[in-house]
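Step one of this worksheet: look at the structure below.
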Amino acid sequence: MEHYIILARSVTYAQRMQKSLGRAGIRCHVFRPPRDLTDMGCAYAVRIAVSDLPGALTALHRDGLDPVQIFLFQKGLYQEVEA
Amino acid sequence: MIYFDSAATSFQKPASVAAAMWEALAAMSSPGRGGYSAAARAADAAFQCRSELAEMFGMKNPEQVVFTLNATHALNIAIKSLVPPGGKAVISGYEHNAVTRPLEALGADVSVASAPLFEPEAVTAAFNRLIVPGTDAVVCSHVSNVFGFIQPVEDIAAICRSRRVPFIIDASQSAGVLPLNMGALGAAFIAMPGHKGLYGPQGTGVLLCREDVPTRPLLEGGTGSQSIQQQMPDFLPDRLEAGTLNMPGIAGLLAGIRYVRRGGQEKILAHEKHLTQIAAQGLAAMPGMRIFASPGLRHQTGVLSLTVEGLDVESIGSALAERGFAVRTGIHCAPSAHRTAGTLDTGTVRVSFSDFNTPEEVARLLRVFPGALGRAF
């Protein structure tokens, strides 16, 4: 199923993102993304529905939580997209 | 045992603290170390604890809340982040060894803003004289661990802000008892234990960090983030939290914080001051007794020091222990405070209260005290 993942720099940052998105009425899930999506080693991310991306970015920007990277999961592959 | 040593650690805890710790042992592993449910539960508890601390102390960002082993650990990080070897610091006359020893180890040039006990205006004036541009850090305990003296950290913070000097507050005796707003004070760091007025377990502490203040890790190691990089992450809390977190402790601390917030800091402080007042009045009536109390306890929390003419403080403590009372005697790891108050040669007996003490317990202390001293009053 298609979705976006928004990378965070740490688990705490991902939790802040989750809280921010929750306040905006956007459901998300904190999880560990595939290893090859980041060259920094261990990472955390939030997963959101495709239709939620614009609202999610607005909410995160409002709370000063800039995504490290954003990926679209489609047809079994991750593709980085512009924030 | 009747426990009157809560300035050291609040031995009696809410039942919810032990329950939360047990639950953590049973259901939580380590935050930031996996995507499985036990790691997620641990991450949730740690985040909740950071968030509630941030709310309680007027901070916007829970990432600026760092878990430590205790207040000493937190103070070491704060001091060593700001004061370089041979740097310049200004401290109050009532500091604990947790402040003075790190500064000594750094070979810092330390000026002491010395002022008489329970005279906050004199404390402010002393800091005002000593804080100059170029001072690396000002460090002040909000409340003296020996005398319960409430120091004017708001006024000192204002001086520091106006002279652009970083301010470190040691909230060891005030966290959970007195209001402290990190945002309003503009302090660089506030250090506190989890195991005193916040009613968490021993082995917990907290360092609140202002966002624009650089931090220097005391320890390097795994953080569960940026693992390929060999330098510590440049963001908090990971930068200052190398190694596995004390999850049972943090879960217990969260329960303790909720106990304090539910009951209300003001009510807890009022209760402790009430007990202090009863103790001070009763003890002051005994011959040979010297009580260190602020008139009306205006500048004092629930901590009371005393000496008895002609008697060694340790023997008083031992006699009280034999009668089932836990009090603290000696120098209380704060020779600087005793030097300022003129009690370095004798030390003091310290009686300190928590929300769990009662007026009846204080009345019992007053009844046994004369006998414990082996003197007929």
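How things are named: the first chain in the structure tokens is A, the next is B, and so on; residues count from 1 in each chain; ligands count from 1 in the order shown.
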List as a Markdown table every residue of chain B that is in contact with chain A, defined as an atom at most 7 Å from one of its atoms (using only C-alpha atoms), together with the nearest atom pair and the distance in Å rounded to one decimal, sorted by chain and then rising number.
| residue | atom | partner | partner_atom | distance |
| --- | --- | --- | --- | --- |
| B:Gly32 | CA | A:Val11 | CA | 5.5 |
| B:Gly35 | CA | A:Phe31 | CA | 5.6 |
| B:Phe47 | CA | A:Thr12 | CA | 6.6 |
| B:Glu63 | CA | A:Thr12 | CA | 6.6 |
| B:Gly224 | CA | A:Cys42 | CA | 6.0 |
| B:Ser225 | CA | A:Cys42 | CA | 5.0 |
| B:Gln226 | CA | A:Met40 | CA | 4.6 |
| B:Ser227 | CA | A:Gly41 | CA | 4.6 |
| B:Ile228 | CA | A:Gly41 | CA | 4.9 |
| B:Gln229 | CA | A:Met40 | CA | 6.4 |
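The two atoms in question, CA of Ala326 in chain B and CA of Ile257 in chain B, are spaced 24.5 Å apart.
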- Mind the document's chain letters and residue numbers, and return as number ranges by chain the residues of range 1-177 of chain B that DSSP labels strand (DSSP E or B). B: 2-3, 5, 65-68, 88-92, 109-113, 137-141, 143, 149-150, 167-170
- Run DSSP on the backbone of this structure and report the residues of chain A it assigns to helix (DSSP H, G or I), as a PyMOL selection string. chain A and resi 11-23+35-37+50-62
- Message: So that I can check the surroundings of Ala137 in chain B, please list as a PyMOL selection string every protein, DNA and RNA residue that reaches within 8 Å of it, counting only C-alpha atoms and ignoring chain neighbours fewer than 5 positions away.
- Response: chain B and resi 79+82-83+88-90+165-168
Please produce an output containing N, CA and C atoms for each residue in the selection, written as a short mmCIF file (atom, residue, chain, number, x, y, z; two decimals), in the first residue's frame.
data_model
loop_
_atom_site.label_atom_id
_atom_site.label_comp_id
_atom_site.auth_asym_id
_atom_site.auth_seq_id
_atom_site.Cartn_x
_atom_site.Cartn_y
_atom_site.Cartn_z
N ILE B 79 28.21 22.37 34.12
CA ILE B 79 29.41 23.15 34.44
C ILE B 79 30.51 22.91 33.40
N LEU B 82 30.16 24.68 30.10
CA LEU B 82 30.30 26.14 30.05
C LEU B 82 31.65 26.66 30.55
N VAL B 83 32.21 25.98 31.54
CA VAL B 83 33.43 26.52 32.16
C VAL B 83 34.65 25.75 31.63
N LYS B 88 36.28 31.14 34.53
CA LYS B 88 35.83 31.97 35.65
C LYS B 88 34.36 31.69 35.97
N ALA B 89 34.10 31.43 37.25
CA ALA B 89 32.72 31.16 37.68
C ALA B 89 32.39 31.97 38.91
N VAL B 90 31.12 32.31 39.05
CA VAL B 90 30.62 32.96 40.26
C VAL B 90 29.57 32.04 40.85
N VAL B 165 25.67 36.51 30.69
CA VAL B 165 26.48 35.46 31.34
C VAL B 165 25.57 34.24 31.57
N PRO B 166 26.00 33.06 31.17
CA PRO B 166 25.15 31.87 31.34
C PRO B 166 24.91 31.54 32.82
N PHE B 167 23.70 31.11 33.11
CA PHE B 167 23.29 30.85 34.50
C PHE B 167 22.89 29.39 34.65
N ILE B 168 23.49 28.73 35.62
CA ILE B 168 23.15 27.34 35.94
C ILE B 168 22.44 27.33 37.29
#
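Shell of Ala8 in chain B at 9 Å, with only C-alpha atoms counted and residues fewer than 5 places along the chain excluded, is Asn145, Gln173, His195, Lys196, Arg328, His332 and Ser352 of chain B.
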Write the selection just made, keeping N, CA and C atoms, as a tab-separated table (two decimals), in the first residue's frame?
chain	number	residue	atom	x	y	z
B	145	ASN	N	20.72	23.12	50.59
B	145	ASN	CA	20.38	21.79	51.11
B	145	ASN	C	20.59	21.69	52.61
B	173	GLN	N	16.92	21.04	45.65
B	173	GLN	CA	15.98	21.11	46.78
B	173	GLN	C	14.68	21.80	46.41
B	195	HIS	N	14.87	12.07	42.57
B	195	HIS	CA	14.54	11.27	43.76
B	195	HIS	C	14.26	12.09	45.01
B	196	LYS	N	14.11	13.39	44.87
B	196	LYS	CA	13.79	14.20	46.06
B	196	LYS	C	12.36	14.71	45.91
B	328	ARG	N	19.60	13.88	59.21
B	328	ARG	CA	20.94	13.96	58.64
B	328	ARG	C	21.80	14.86	59.51
B	332	HIS	N	26.77	17.71	55.38
B	332	HIS	CA	25.78	17.60	54.29
B	332	HIS	C	26.38	17.83	52.91
B	352	SER	N	14.39	17.35	57.66
B	352	SER	CA	13.76	17.79	56.40
B	352	SER	C	12.54	16.92	56.10
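The shortest atom-to-atom distance to Ile6 in chain A, with only C-alpha atoms taken into account, belongs to A:His29 out of A:Arg35, A:Arg62, A:Lys75, A:His29.
Contact shell of Arg23 in chain A at 12 Å (only C-alpha atoms; same-chain neighbours under 2 positions omitted): Arg16, Met17, Gln18, Lys19, Ser20, Leu21, Gly25, Ile26, Arg27, Cys28, Gly55, Ala56, Thr58, Ala59, Leu60, Arg62 and Asp63 of chain A.
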- Task: Record the distance separating CA of Thr135 in chain B and CA of Ala337 in chain B, expressed in Å with one decimal.
- Result: 22.0 Å
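Compared by their closest atoms to Pro370 in chain B, and using only C-alpha atoms, the residues B:Ala321, B:Leu283, B:Ala26, B:Val349 rank with B:Leu283 nearest.
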- Query: Looking at only C-alpha atoms, which of B:Lys13, B:Arg339, B:His96, B:Arg298 is the one that sits closest to Pro120 in chain B?
  - Reply: B:Arg298
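The shell of residues at most 8 Å from Ala157 in chain B, with only C-alpha atoms counted and near chain neighbours (fewer than 6 positions) removed, consists of Phe167, Leu185, Gly186 and Ala187 of chain B.
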- Message: List the spatial neighbours of Ala83 in chain A as a ChimeraX atom specification - criterion: any atom at most 12 Å away, only C-alpha atoms, same-chain residues fewer than 2 positions off excluded.
- Response: /A:4-7,53-54,56-58,60-61,66-72,80-81
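Rounded to one decimal, CA of Ala54 in chain B and CA of Val123 in chain B lie 28.4 Å from each other.
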